[in-house]
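Structure data follow from structure_28.csv (CSV, C-alpha atoms):
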chain,number,residue,atom,x,y,z
F,1,MET,CA,1.5,196.6,-90.9
F,2,ARG,CA,5.0,197.4,-91.8
F,3,ARG,CA,6.4,195.9,-94.9
F,4,TRP,CA,9.3,194.1,-93.2
F,5,VAL,CA,6.8,192.4,-90.8
F,6,PHE,CA,4.9,191.0,-93.7
F,7,TRP,CA,8.0,189.5,-95.4
F,8,VAL,CA,9.3,188.1,-92.1
F,9,SER,CA,5.9,186.4,-91.4
F,10,LEU,CA,5.8,185.0,-95.0
F,11,ILE,CA,9.3,183.6,-94.7
F,12,GLY,CA,8.6,182.1,-91.3
F,13,VAL,CA,5.4,180.4,-92.5
F,14,SER,CA,7.2,179.0,-95.6
F,15,LEU,CA,10.0,177.6,-93.5
F,16,ALA,CA,7.5,176.0,-91.1
F,17,LEU,CA,5.9,174.2,-94.0
F,18,LEU,CA,9.2,172.7,-95.3
F,19,PRO,CA,9.6,169.9,-92.6
F,20,PRO,CA,6.1,168.4,-93.1
F,21,LEU,CA,6.5,168.7,-96.9
F,22,LEU,CA,9.9,166.9,-96.8
F,23,VAL,CA,8.4,164.2,-94.5
F,24,ALA,CA,5.5,163.7,-96.9
F,25,ARG,CA,7.9,163.4,-99.9
F,26,ALA,CA,10.1,161.0,-98.1
F,27,ARG,CA,7.2,158.7,-97.3
F,28,ALA,CA,5.9,158.8,-100.9
F,29,VAL,CA,9.1,158.7,-103.0
F,30,LYS,CA,11.5,155.8,-103.2
F,31,ALA,CA,15.2,156.5,-102.8
F,32,ASN,CA,18.4,154.7,-103.7
F,33,LYS,CA,20.3,156.0,-100.7
F,34,PRO,CA,19.5,155.5,-97.0
F,35,ARG,CA,17.4,158.2,-95.4
F,36,ILE,CA,18.9,160.6,-92.9
F,37,HIS,CA,18.5,159.3,-89.3
F,38,LEU,CA,19.0,162.0,-86.7
F,39,ILE,CA,18.3,159.3,-84.1
F,40,PRO,CA,19.3,156.0,-85.8
F,41,ASP,CA,18.3,153.7,-82.9
F,42,MET,CA,19.0,150.2,-84.3
F,43,ASP,CA,17.5,150.7,-87.7
F,44,ASN,CA,21.0,150.5,-89.4
F,45,GLN,CA,23.6,148.3,-87.7
F,46,PRO,CA,26.7,146.4,-88.8
F,47,LYS,CA,25.8,142.7,-89.4
F,48,PHE,CA,26.5,139.7,-91.6
F,49,LYS,CA,23.6,138.4,-93.6
F,50,THR,CA,22.9,134.7,-94.1
F,51,GLN,CA,25.2,132.6,-96.4
F,52,THR,CA,27.8,135.3,-96.5
F,53,THR,CA,31.6,135.2,-95.7
F,54,ASN,CA,33.4,136.5,-92.7
F,55,ALA,CA,37.2,136.5,-92.9
F,56,PHE,CA,37.4,136.8,-89.1
F,57,PHE,CA,36.9,133.0,-88.8
F,58,ALA,CA,39.2,130.4,-90.2
F,59,ASP,CA,36.4,128.7,-92.2
F,60,ASP,CA,35.2,132.1,-93.6
F,61,ARG,CA,31.6,131.4,-92.5
F,62,ALA,CA,29.5,134.2,-91.2
F,63,MET,CA,26.9,131.7,-89.9
F,64,ARG,CA,28.4,129.9,-87.0
F,65,LEU,CA,27.8,126.3,-86.1
F,66,PRO,CA,26.4,125.4,-82.6
F,67,VAL,CA,29.0,124.9,-80.0
F,68,ALA,CA,29.8,121.2,-79.7
F,69,ASP,CA,28.0,119.3,-76.9
F,70,THR,CA,25.6,122.2,-76.1
F,71,VAL,CA,21.9,121.9,-76.0
F,72,ALA,CA,19.4,124.7,-76.5
F,73,ARG,CA,17.0,125.5,-73.8
F,74,GLY,CA,14.0,123.2,-74.2
F,75,GLU,CA,15.7,121.0,-76.8
F,76,LEU,CA,17.1,118.2,-74.5
F,77,ARG,CA,15.7,115.1,-76.1
F,78,ASP,CA,16.1,112.8,-73.1
F,79,ASP,CA,13.0,110.7,-73.9
F,80,PRO,CA,13.9,108.2,-76.7
F,81,HIS,CA,10.4,106.9,-76.9
F,82,PHE,CA,8.9,110.3,-77.5
F,83,TYR,CA,11.6,111.9,-79.7
F,84,TYR,CA,12.9,108.8,-81.6
F,85,GLY,CA,10.2,106.2,-81.4
F,86,LYS,CA,12.5,103.7,-79.6
F,87,GLU,CA,12.6,101.9,-76.3
F,88,PRO,CA,15.6,102.3,-74.0
F,89,ASP,CA,17.0,99.1,-75.3
F,90,GLY,CA,16.9,100.4,-78.9
F,91,ARG,CA,13.9,98.4,-80.1
F,92,TRP,CA,11.1,100.2,-82.0
F,93,ALA,CA,8.4,101.3,-79.7
F,94,GLU,CA,5.1,99.3,-79.8
F,95,SER,CA,3.2,101.9,-77.8
F,96,PHE,CA,2.4,105.6,-77.9
F,97,PRO,CA,4.3,108.0,-75.6
F,98,VAL,CA,1.3,110.4,-75.5
F,99,PRO,CA,-2.3,109.7,-74.6
F,100,VAL,CA,-4.4,108.7,-77.6
F,101,THR,CA,-7.4,110.9,-77.3
F,102,ALA,CA,-10.1,112.1,-79.7
F,103,GLU,CA,-8.4,115.4,-79.9
F,104,LEU,CA,-5.1,113.8,-80.9
F,105,MET,CA,-6.8,111.7,-83.6
F,106,ASN,CA,-8.5,114.7,-85.1
F,107,ARG,CA,-5.2,116.5,-85.1
F,108,GLY,CA,-3.6,113.5,-86.8
F,109,ARG,CA,-6.3,113.4,-89.4
F,110,GLN,CA,-5.8,117.0,-90.2
F,111,ARG,CA,-2.0,116.7,-90.5
F,112,PHE,CA,-2.3,113.5,-92.5
F,113,SER,CA,-4.5,115.2,-95.0
F,114,ILE,CA,-2.0,118.0,-95.4
F,115,TYR,CA,1.3,116.1,-95.5
F,116,CYS,CA,0.6,112.5,-96.3
F,117,ALA,CA,-2.6,112.3,-98.5
F,118,THR,CA,-1.0,114.2,-101.4
F,119,CYS,CA,1.0,111.0,-102.2
F,120,HIS,CA,-0.6,108.2,-100.1
F,121,GLY,CA,-4.2,109.3,-100.7
F,122,LEU,CA,-6.9,110.0,-98.1
F,123,GLY,CA,-7.6,106.3,-97.8
F,124,GLY,CA,-3.9,105.4,-97.5
F,125,TYR,CA,-3.8,103.2,-100.6
F,126,GLY,CA,-1.0,105.2,-102.4
F,127,ASP,CA,-3.4,106.8,-104.8
F,128,GLY,CA,-3.0,110.5,-103.9
F,129,PRO,CA,-3.2,113.2,-106.6
F,130,ILE,CA,0.6,113.5,-106.9
F,131,SER,CA,0.9,109.8,-107.4
F,132,ARG,CA,-1.9,109.7,-110.0
F,133,ARG,CA,-0.3,112.6,-111.9
F,134,ALA,CA,3.1,111.0,-111.9
F,135,GLU,CA,1.7,107.8,-113.3
F,136,GLU,CA,-0.1,109.7,-116.0
F,137,LEU,CA,3.1,111.4,-117.1
F,138,GLN,CA,4.8,108.0,-117.5
F,139,GLU,CA,8.3,109.4,-117.1
F,140,GLY,CA,9.8,106.2,-115.6
F,141,THR,CA,11.3,107.9,-112.5
F,142,TRP,CA,8.3,107.8,-110.2
F,143,VAL,CA,8.3,105.3,-107.3
F,144,PRO,CA,4.7,104.7,-106.2
F,145,PRO,CA,4.1,105.2,-102.5
F,146,VAL,CA,3.3,102.1,-100.5
F,147,SER,CA,-0.2,101.3,-99.4
F,148,PHE,CA,-0.7,101.5,-95.7
F,149,HIS,CA,-3.0,98.5,-95.8
F,150,GLU,CA,-0.4,96.0,-96.9
F,151,ASP,CA,0.5,93.3,-94.3
F,152,THR,CA,4.1,94.5,-94.1
F,153,THR,CA,3.1,98.1,-93.4
F,154,ARG,CA,0.4,97.1,-90.9
F,155,GLY,CA,2.9,95.0,-89.0
F,156,ARG,CA,5.5,97.7,-88.5
F,157,PRO,CA,5.8,99.1,-84.9
F,158,HIS,CA,4.5,102.5,-84.1
F,159,GLY,CA,8.1,103.8,-83.5
F,160,GLU,CA,9.3,102.6,-87.0
F,161,ILE,CA,6.5,104.5,-88.7
F,162,PHE,CA,7.3,107.6,-86.6
F,163,ASP,CA,10.9,107.3,-87.7
F,164,TYR,CA,9.8,107.2,-91.4
F,165,ILE,CA,7.9,110.4,-90.9
F,166,THR,CA,10.8,112.0,-89.1
F,167,ASN,CA,13.7,111.0,-91.3
F,168,GLY,CA,12.1,109.8,-94.5
F,169,VAL,CA,12.5,106.5,-96.3
F,170,ARG,CA,13.6,105.7,-99.8
F,171,THR,CA,12.2,108.5,-102.0
F,172,MET,CA,10.0,109.9,-99.3
F,173,PRO,CA,11.6,113.1,-97.8
F,174,ALA,CA,12.1,113.7,-94.1
F,175,TYR,CA,9.2,115.6,-92.5
F,176,GLY,CA,10.8,116.1,-89.1
F,177,PRO,CA,11.8,119.7,-89.8
F,178,GLN,CA,8.2,120.6,-90.8
F,179,ILE,CA,6.0,118.5,-88.4
F,180,PRO,CA,6.4,118.9,-84.6
F,181,VAL,CA,7.1,115.7,-82.6
F,182,GLU,CA,3.6,115.4,-81.1
F,183,ASP,CA,2.0,116.0,-84.5
F,184,ARG,CA,4.0,113.1,-85.9
F,185,TRP,CA,2.6,110.8,-83.2
F,186,ALA,CA,-0.8,112.2,-83.9
F,187,ILE,CA,-0.4,111.1,-87.6
F,188,VAL,CA,0.8,107.6,-86.5
F,189,ALA,CA,-2.3,107.3,-84.2
F,190,TYR,CA,-4.6,108.3,-87.1
F,191,LEU,CA,-2.8,106.0,-89.5
F,192,ARG,CA,-3.5,103.1,-87.1
F,193,ALA,CA,-7.2,104.0,-87.0
F,194,LEU,CA,-7.2,104.2,-90.8
F,195,GLN,CA,-5.6,100.8,-91.1
F,196,ARG,CA,-8.1,99.3,-88.7
F,197,SER,CA,-11.0,100.8,-90.5
F,198,GLN,CA,-10.0,99.1,-93.7
F,199,ASN,CA,-9.2,95.8,-92.1
F,200,ALA,CA,-11.9,95.6,-89.4
F,201,GLY,CA,-13.9,92.5,-88.3
F,202,ILE,CA,-17.2,92.1,-86.6
F,203,GLU,CA,-15.4,92.2,-83.3
F,204,ASP,CA,-14.4,95.8,-84.0
F,205,VAL,CA,-18.0,96.9,-84.2
F,206,PRO,CA,-19.4,98.4,-80.9
F,207,GLU,CA,-21.6,95.9,-79.1
F,208,GLU,CA,-24.8,98.0,-79.3
F,209,ILE,CA,-24.3,98.5,-83.1
F,210,ARG,CA,-23.4,94.8,-83.6
F,211,GLY,CA,-26.6,93.7,-82.0
F,212,HIS,CA,-28.6,96.0,-84.3
F,213,LEU,CA,-26.8,94.6,-87.3
F,214,GLN,CA,-27.5,91.0,-86.3
F,215,GLN,CA,-31.2,91.8,-85.8
F,216,GLU,CA,-31.3,93.1,-89.4

Once you've parsed the file, please lay out its structure as structure tokens.
Amino acid sequence: MRRWVFWVSLIGVSLALLPPLLVARARAVKANKPRIHLIPDMDNQPKFKTQTTNAFFADDRAMRLPVADTVARGELRDDPHFYYGKEPDGRWAESFPVPVTAELMNRGRQRFSIYCATCHGLGGYGDGPISRRAEELQEGTWVPPVSFHEDTTRGRPHGEIFDYITNGVRTMPAYGPQIPVEDRWAIVAYLRALQRSQNAGIEDVPEEIRGHLQQE
């Protein structure tokens, strides 16, 4: 083999190894500068990030407010009973806008345990872990949550309790942004079952079980 062929082959192999070595280095080493994009696609694009200014608009806000009187697709809240817990005449709804099924009740129990029981307790007596801890600290700023088994709470319409969950009341924050509408109704349904379980009479016991109890 001639000498020049050897050197040309050696240089060619070395040059062929450079791209994969550079790629491997780029994947393993952090860099302060953007990488070279021969085909940039949409990896880097001009944009405004959240909570930044934009001098193009008169209010200098990069995040634009929704256009007035527009409704997003699927967000037309044309059922006041379902979305606001109210009858067409503005009264609080006394009924449920969704079928109360075992599945809905189980969903309500799960959501209640996540969002409500921390303050109100699993039994609904206002003795959740947050409430107990706040009372132990004795800081003087804690407002104890109400018991769901008081007469005033049991007498509130379904729609009013739904509104409390949606918009909050007193020191309780609004959970509307966190809990979907149907899940809020599921919580109300479970709450009613919880209230009934703690204030039940003999007439609430199924007939077959009631007969067995009377025999005993």

Top pick for closest residue to Ala186 of chain F, considering F:His37, F:Arg133, F:Arg25, F:Arg107 and counting all atoms listed in the file: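 Ranking F:His37, F:Arg133, F:Arg25, F:Arg107 by distance to Ala186 of chain F, first place goes to F:Arg107.
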
Mind checking which residues fall within 9 Å of Thr50 of chain F, counting all atoms listed in the file, ignoring those fewer than 2 positions away in the same chain, and posting them as a list in words? Phe48, Thr52, Thr53, Ala62 and Met63 of chain F

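Atom CA of Asp183 of chain F is positioned 22.7 Å from atom CA of Gln198 of chain F.
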
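Residue nearest Arg184 of chain F, chosen from F:Thr166, F:Thr171, F:Asn44, F:Ser131 and counting all atoms listed in the file: F:Thr166.
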
Polymer residues at most 7 Å from segment 81-95 of chain F, only C-alpha atoms, same-chain spacing of 2 or more positions, as a PDB file with C-alpha atoms, in the coordinates of the input:
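In the end it all went to around18.pdb:
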ATOM      1  CA  ARG F  77      15.700 115.100 -76.100  1.00  0.00           C
ATOM      2  CA  ASP F  79      13.000 110.700 -73.900  1.00  0.00           C
ATOM      3  CA  PRO F  97       4.300 108.000 -75.600  1.00  0.00           C
ATOM      4  CA  PRO F 157       5.800  99.100 -84.900  1.00  0.00           C
ATOM      5  CA  HIS F 158       4.500 102.500 -84.100  1.00  0.00           C
ATOM      6  CA  GLY F 159       8.100 103.800 -83.500  1.00  0.00           C
ATOM      7  CA  GLU F 160       9.300 102.600 -87.000  1.00  0.00           C
ATOM      8  CA  PHE F 162       7.300 107.600 -86.600  1.00  0.00           C
ATOM      9  CA  ASP F 163      10.900 107.300 -87.700  1.00  0.00           C
ATOM     10  CA  VAL F 181       7.100 115.700 -82.600  1.00  0.00           C
TER      11      VAL F 181
END

Got a sec: who's within 9 Å of segment 118-122 of chain F, counting all atoms listed in the file, leaving out chain neighbours fewer than 6 positions off, as a PDB file with C-alpha atoms, keeping the file's coordinate frame?
ATOM      1  CA  PHE F 112      -2.300 113.500 -92.500  1.00  0.00           C
ATOM      2  CA  GLY F 128      -3.000 110.500-103.900  1.00  0.00           C
ATOM      3  CA  PRO F 129      -3.200 113.200-106.600  1.00  0.00           C
ATOM      4  CA  ILE F 130       0.600 113.500-106.900  1.00  0.00           C
ATOM      5  CA  SER F 131       0.900 109.800-107.400  1.00  0.00           C
ATOM      6  CA  ARG F 132      -1.900 109.700-110.000  1.00  0.00           C
ATOM      7  CA  PRO F 144       4.700 104.700-106.200  1.00  0.00           C
ATOM      8  CA  PRO F 145       4.100 105.200-102.500  1.00  0.00           C
ATOM      9  CA  VAL F 146       3.300 102.100-100.500  1.00  0.00           C
ATOM     10  CA  SER F 147      -0.200 101.300 -99.400  1.00  0.00           C
ATOM     11  CA  PHE F 148      -0.700 101.500 -95.700  1.00  0.00           C
TER      12      PHE F 148
END

What does the structure give for the distance between atom CA of Leu15 of chain F and atom CA of Lys30 of chain F, in Å to one decimal? 23.9 Å

Would you mind completing segment 72-85 of chain F so that it carries N, CA, C and O atoms, and writing it out as a PDB file, keeping the file's coordinate frame?
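Output (part_15.pdb):
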ATOM      1  N   ALA F  72      20.264 123.530 -76.702  1.00  0.00           N
ATOM      2  CA  ALA F  72      19.400 124.700 -76.500  1.00  0.00           C
ATOM      3  C   ALA F  72      18.390 124.492 -75.469  1.00  0.00           C
ATOM      4  O   ALA F  72      17.957 123.360 -75.225  1.00  0.00           O
ATOM      5  N   ARG F  73      17.979 125.561 -74.831  1.00  0.00           N
ATOM      6  CA  ARG F  73      17.000 125.500 -73.800  1.00  0.00           C
ATOM      7  C   ARG F  73      15.675 124.844 -74.378  1.00  0.00           C
ATOM      8  O   ARG F  73      15.163 125.287 -75.401  1.00  0.00           O
ATOM      9  N   GLY F  74      15.164 123.836 -73.724  1.00  0.00           N
ATOM     10  CA  GLY F  74      14.000 123.200 -74.200  1.00  0.00           C
ATOM     11  C   GLY F  74      14.175 122.151 -75.281  1.00  0.00           C
ATOM     12  O   GLY F  74      13.220 121.568 -75.784  1.00  0.00           O
ATOM     13  N   GLU F  75      15.434 121.905 -75.680  1.00  0.00           N
ATOM     14  CA  GLU F  75      15.700 121.000 -76.800  1.00  0.00           C
ATOM     15  C   GLU F  75      16.467 119.722 -76.288  1.00  0.00           C
ATOM     16  O   GLU F  75      17.062 119.013 -77.089  1.00  0.00           O
ATOM     17  N   LEU F  76      16.431 119.445 -74.985  1.00  0.00           N
ATOM     18  CA  LEU F  76      17.100 118.200 -74.500  1.00  0.00           C
ATOM     19  C   LEU F  76      16.170 117.041 -74.743  1.00  0.00           C
ATOM     20  O   LEU F  76      15.145 116.840 -74.100  1.00  0.00           O
ATOM     21  N   ARG F  77      16.543 116.257 -75.702  1.00  0.00           N
ATOM     22  CA  ARG F  77      15.700 115.100 -76.100  1.00  0.00           C
ATOM     23  C   ARG F  77      16.126 113.882 -75.320  1.00  0.00           C
ATOM     24  O   ARG F  77      16.794 112.983 -75.828  1.00  0.00           O
ATOM     25  N   ASP F  78      15.686 113.873 -74.059  1.00  0.00           N
ATOM     26  CA  ASP F  78      16.100 112.800 -73.100  1.00  0.00           C
ATOM     27  C   ASP F  78      15.076 111.681 -73.067  1.00  0.00           C
ATOM     28  O   ASP F  78      15.218 110.777 -72.249  1.00  0.00           O
ATOM     29  N   ASP F  79      14.044 111.722 -73.899  1.00  0.00           N
ATOM     30  CA  ASP F  79      13.000 110.700 -73.900  1.00  0.00           C
ATOM     31  C   ASP F  79      13.085 109.978 -75.284  1.00  0.00           C
ATOM     32  O   ASP F  79      12.485 110.456 -76.249  1.00  0.00           O
ATOM     33  N   PRO F  80      13.798 108.857 -75.394  1.00  0.00           N
ATOM     34  CA  PRO F  80      13.900 108.200 -76.700  1.00  0.00           C
ATOM     35  C   PRO F  80      12.603 107.728 -77.266  1.00  0.00           C
ATOM     36  O   PRO F  80      12.420 107.680 -78.490  1.00  0.00           O
ATOM     37  N   HIS F  81      11.680 107.379 -76.397  1.00  0.00           N
ATOM     38  CA  HIS F  81      10.400 106.900 -76.900  1.00  0.00           C
ATOM     39  C   HIS F  81       9.629 108.049 -77.585  1.00  0.00           C
ATOM     40  O   HIS F  81       9.126 107.876 -78.691  1.00  0.00           O
ATOM     41  N   PHE F  82       9.594 109.213 -76.980  1.00  0.00           N
ATOM     42  CA  PHE F  82       8.900 110.300 -77.500  1.00  0.00           C
ATOM     43  C   PHE F  82       9.545 110.940 -78.749  1.00  0.00           C
ATOM     44  O   PHE F  82       8.913 111.235 -79.763  1.00  0.00           O
ATOM     45  N   TYR F  83      10.864 111.136 -78.668  1.00  0.00           N
ATOM     46  CA  TYR F  83      11.600 111.900 -79.700  1.00  0.00           C
ATOM     47  C   TYR F  83      12.081 110.970 -80.848  1.00  0.00           C
ATOM     48  O   TYR F  83      12.264 111.458 -81.974  1.00  0.00           O
ATOM     49  N   TYR F  84      12.322 109.669 -80.573  1.00  0.00           N
ATOM     50  CA  TYR F  84      12.900 108.800 -81.600  1.00  0.00           C
ATOM     51  C   TYR F  84      12.095 107.563 -81.890  1.00  0.00           C
ATOM     52  O   TYR F  84      12.451 106.798 -82.784  1.00  0.00           O
ATOM     53  N   GLY F  85      11.024 107.336 -81.137  1.00  0.00           N
ATOM     54  CA  GLY F  85      10.200 106.200 -81.400  1.00  0.00           C
ATOM     55  C   GLY F  85      10.871 104.862 -80.979  1.00  0.00           C
ATOM     56  O   GLY F  85      10.549 103.806 -81.545  1.00  0.00           O
TER      57      GLY F  85
END
